[in-house]
Amino acid sequence: MHMPLTDTLGLNLLAANQHQADHNRQHFDAWRLLCLNVMSSPGAGKTSLLERTITALAPRLSMAVLEGDMTTTLDAQRLEAVGVPVVPITTGRACHLDASMVSGGLKLLKQRLDPAALDLLWVENVGNLVCPAEFEVGEHLKVALLSVTEGEDKPLKYPVMFREADCVLITKIDLLPYLPVQVERFVDHVNQVNPRARVFLLSASSGEGLGAWHQWLLEQVAVQVQPLPALVIR
Amino acid sequence: MHEVDMTRCLLLSLNQWKGQHRPKRPEVSLVHLQVGAFTCVEPEALRFTYGAAVQGGWLAGSELCIETIPLRARCLRCEAIYSPEPGNAYRSPCCDHPMEEIVSGRELRIRSIDYQLHDDALIPALSSSP
């Protein structure tokens, strides 16, 4: 008869993914680029926003996109059309990107360009408000989109996504006059679960609010691309 | 169904743990997990996918024991610990302050493993599994 034994691990359940995510981030840091993980439900406007934002920032930043999609490369084609290198990552059954998929995407990207020449790498995640929240891919910042047509209650019903986000974009605000919603309630509900998130109200189709979002992006890239001088301790 | 991918991550960690015991062979009975209420994990779905994934492998017959950790937050205004109602209300009932500091509920942790060690080590030439 063998003795029953117990080992205490205290290990992150997603340690394997976390390990790969940390590895990806080390590469991003070595290349001095900022990586953003863009997440939302399907149809919240991730690709439309990227089309507008990439076009607007192209004169100032060098960018590329890793485009997660379950089965098609339609979004990748849309973003290629605005003149930015795009690597499609079709996830098949999986409803989110994980760190190893992004690592695979990076290998393909490296065949086309030198990542050290990039300032900003966009990872457009699969449309889903649940799963992507738990799977880091190595990003520096998480950006969550919430379109006003989805309803004011979504930050309360899918709180983990909005809690994890560093930045929340309330999108499609040009549609507000036609909807029985109050934009203040979207902001308040995000604030309830995540008071530290930067919140921007914008519309990719009218262009309203894009300026403040783009300014914030440029500031974040500046922090990553030109690290702060080392602190002098007196 | 992201529990499938979570199970895959869990099995990678368990395989690594198994490697630490070579050349002895651990026979696992229970894997204790701590899963916070403020995560995207459905414990029942995780148990189901684990049961399916371990069939026929070295973990066959083992089960998950999942402890759910409740969501608790600290009001940064008055320091009170409170229990937000997931899906409904996250502000502190004392000061109506937003949910700033989460005390518990975000856990996704392999806490411990119950097992027995067998000395009948696999013949080295045949033990190709990690």
# chains A, B, ... in the order shown; residues from 1 in each chain; ligands from 1
>>> residues_around(residues="region 155-164 of chain A", least_positions_apart="4", cutoff="8 Å", atoms="only C-alpha atoms", output="list in words")
Leu129, Val130, Pro132, Ala133, Lys142, Ala144, Val168, Phe186, His189, Val190, Val193, Asn194 and Ala197 of chain A; Phe38, Thr39, Cys40, Pro86, Gly87, Asn88 and Ala89 of chain B
>>> interface_residues(of="chain A", to="chain B", cutoff="6 Å", atoms="only C-alpha atoms", output="number ranges by chain")
A: 4-14, 16, 131, 156-157, 192-193
>>> select_by_dssp(residues="region 49-98 of chain B", states="strand (DSSP E or B)", output="JSON, numbers by chain")
{"B": [63, 64, 65, 66, 67, 68, 69, 72, 73, 74, 81, 82, 85, 89]}
>>> write_last_selection(atoms="C-alpha atoms", output="PDB file, in the first residue's frame")
ATOM      1  CA  GLU B  63     -11.044  14.290 -10.719  1.00  0.00           C
ATOM      2  CA  LEU B  64     -11.128  18.006 -10.177  1.00  0.00           C
ATOM      3  CA  CYS B  65     -12.126  19.358  -6.805  1.00  0.00           C
ATOM      4  CA  ILE B  66     -13.072  22.992  -7.375  1.00  0.00           C
ATOM      5  CA  GLU B  67     -13.309  25.472  -4.534  1.00  0.00           C
ATOM      6  CA  THR B  68     -15.190  28.608  -5.514  1.00  0.00           C
ATOM      7  CA  ILE B  69     -13.749  31.774  -4.012  1.00  0.00           C
ATOM      8  CA  ARG B  72     -14.901  40.396  -2.175  1.00  0.00           C
ATOM      9  CA  ALA B  73     -13.857  44.004  -2.582  1.00  0.00           C
ATOM     10  CA  ARG B  74     -12.470  46.710  -0.320  1.00  0.00           C
ATOM     11  CA  ILE B  81     -14.734  44.732   2.931  1.00  0.00           C
ATOM     12  CA  TYR B  82     -17.938  44.045   1.016  1.00  0.00           C
ATOM     13  CA  GLU B  85     -23.279  41.236  -6.504  1.00  0.00           C
ATOM     14  CA  ALA B  89     -24.077  45.954  -8.267  1.00  0.00           C
TER      15      ALA B  89
END
>>> residues_around(residues="His140 (chain A)", least_positions_apart="6", cutoff="9 Å", atoms="only C-alpha atoms", output="JSON, numbers by chain")
{"A": [25, 28, 34, 35, 36, 37]}
>>> residues_around(residues="region 42-48 of chain A", least_positions_apart="5", cutoff="9 Å", atoms="only C-alpha atoms", output="PyMOL selection string")
chain A and resi 53+75-76+78-79+124-129+145-150+171-172+204-205
>>> write_last_selection(atoms="N, CA and C atoms", output="compact mmCIF listing (two decimals), in the first residue's frame")
# COMPACT_ATOMS: atom_id res chain seq x y z
N THR A 53 -8.39 54.56 -37.32
CA THR A 53 -7.27 54.95 -36.46
C THR A 53 -5.94 54.72 -37.16
N ASP A 75 -11.74 40.36 -42.24
CA ASP A 75 -11.27 41.55 -41.53
C ASP A 75 -9.84 41.87 -41.93
N ALA A 76 -9.04 40.82 -42.11
CA ALA A 76 -7.64 41.03 -42.50
C ALA A 76 -7.58 41.74 -43.85
N ARG A 78 -9.81 43.77 -45.10
CA ARG A 78 -10.22 45.17 -44.92
C ARG A 78 -9.05 46.01 -44.42
N LEU A 79 -8.27 45.44 -43.49
CA LEU A 79 -7.18 46.22 -42.91
C LEU A 79 -5.99 46.30 -43.85
N GLU A 124 -6.02 42.24 -32.94
CA GLU A 124 -7.48 42.31 -32.92
C GLU A 124 -8.00 40.93 -32.54
N ASN A 125 -8.58 40.83 -31.36
CA ASN A 125 -9.02 39.54 -30.85
C ASN A 125 -10.31 39.10 -31.52
N VAL A 126 -10.70 37.86 -31.28
CA VAL A 126 -11.96 37.33 -31.80
C VAL A 126 -13.11 38.02 -31.05
N GLY A 127 -14.17 38.34 -31.78
CA GLY A 127 -15.31 39.01 -31.15
C GLY A 127 -15.97 38.13 -30.10
N ASN A 128 -15.85 38.56 -28.84
CA ASN A 128 -16.35 37.74 -27.73
C ASN A 128 -16.09 38.54 -26.45
N LEU A 129 -17.11 38.65 -25.61
CA LEU A 129 -16.92 39.44 -24.38
C LEU A 129 -16.50 38.60 -23.19
N LEU A 145 -13.91 47.48 -26.47
CA LEU A 145 -14.90 48.33 -27.13
C LEU A 145 -16.29 47.92 -26.66
N LEU A 146 -17.16 48.90 -26.56
CA LEU A 146 -18.56 48.64 -26.22
C LEU A 146 -19.38 49.60 -27.06
N SER A 147 -20.18 49.05 -27.99
CA SER A 147 -20.97 49.94 -28.84
C SER A 147 -22.28 50.27 -28.14
N VAL A 148 -22.76 51.47 -28.39
CA VAL A 148 -23.97 51.92 -27.67
C VAL A 148 -25.20 51.08 -28.03
N THR A 149 -25.14 50.38 -29.18
CA THR A 149 -26.29 49.55 -29.56
C THR A 149 -26.37 48.26 -28.72
N GLU A 150 -25.31 47.94 -27.99
CA GLU A 150 -25.30 46.70 -27.21
C GLU A 150 -26.06 46.84 -25.90
N THR A 171 -18.33 53.02 -28.43
CA THR A 171 -18.33 53.30 -29.87
C THR A 171 -19.73 53.52 -30.43
N LYS A 172 -19.76 53.97 -31.68
CA LYS A 172 -21.01 54.23 -32.43
C LYS A 172 -21.85 55.31 -31.77
N ALA A 204 -16.46 55.76 -35.12
CA ALA A 204 -15.55 55.57 -36.25
C ALA A 204 -16.18 56.09 -37.53
N SER A 205 -17.51 56.13 -37.61
CA SER A 205 -18.12 56.54 -38.87
C SER A 205 -18.22 58.06 -38.98
>>> decode(residues="region 59-71 of chain B", atoms="N, CA and C atoms", output="tab-separated table (two decimals), in the first residue's frame")
chain	number	residue	atom	x	y	z
B	59	LEU	N	-3.66	10.46	-16.29
B	59	LEU	CA	-4.52	11.08	-15.28
B	59	LEU	C	-5.91	10.46	-15.23
B	60	ALA	N	-6.13	9.41	-16.03
B	60	ALA	CA	-7.45	8.77	-16.06
B	60	ALA	C	-7.85	8.35	-14.65
B	61	GLY	N	-9.08	8.62	-14.31
B	61	GLY	CA	-9.56	8.26	-12.99
B	61	GLY	C	-9.44	9.39	-11.98
B	62	SER	N	-8.64	10.41	-12.30
B	62	SER	CA	-8.53	11.54	-11.38
B	62	SER	C	-9.69	12.51	-11.61
B	63	GLU	N	-9.94	13.33	-10.61
B	63	GLU	CA	-11.04	14.29	-10.72
B	63	GLU	C	-10.60	15.67	-10.25
B	64	LEU	N	-11.38	16.65	-10.66
B	64	LEU	CA	-11.13	18.01	-10.18
B	64	LEU	C	-11.97	18.26	-8.94
B	65	CYS	N	-11.39	18.89	-7.96
B	65	CYS	CA	-12.13	19.36	-6.81
B	65	CYS	C	-12.02	20.88	-6.84
B	66	ILE	N	-13.12	21.55	-7.13
B	66	ILE	CA	-13.07	22.99	-7.37
B	66	ILE	C	-13.67	23.76	-6.21
B	67	GLU	N	-12.85	24.59	-5.61
B	67	GLU	CA	-13.31	25.47	-4.53
B	67	GLU	C	-13.61	26.84	-5.15
B	68	THR	N	-14.83	27.29	-4.97
B	68	THR	CA	-15.19	28.61	-5.51
B	68	THR	C	-14.87	29.68	-4.48
B	69	ILE	N	-14.12	30.68	-4.91
B	69	ILE	CA	-13.75	31.77	-4.01
B	69	ILE	C	-14.67	32.96	-4.30
B	70	PRO	N	-15.39	33.44	-3.29
B	70	PRO	CA	-16.36	34.51	-3.54
B	70	PRO	C	-15.68	35.84	-3.89
B	71	LEU	N	-16.44	36.67	-4.59
B	71	LEU	CA	-15.94	38.01	-4.93
B	71	LEU	C	-16.07	38.91	-3.70
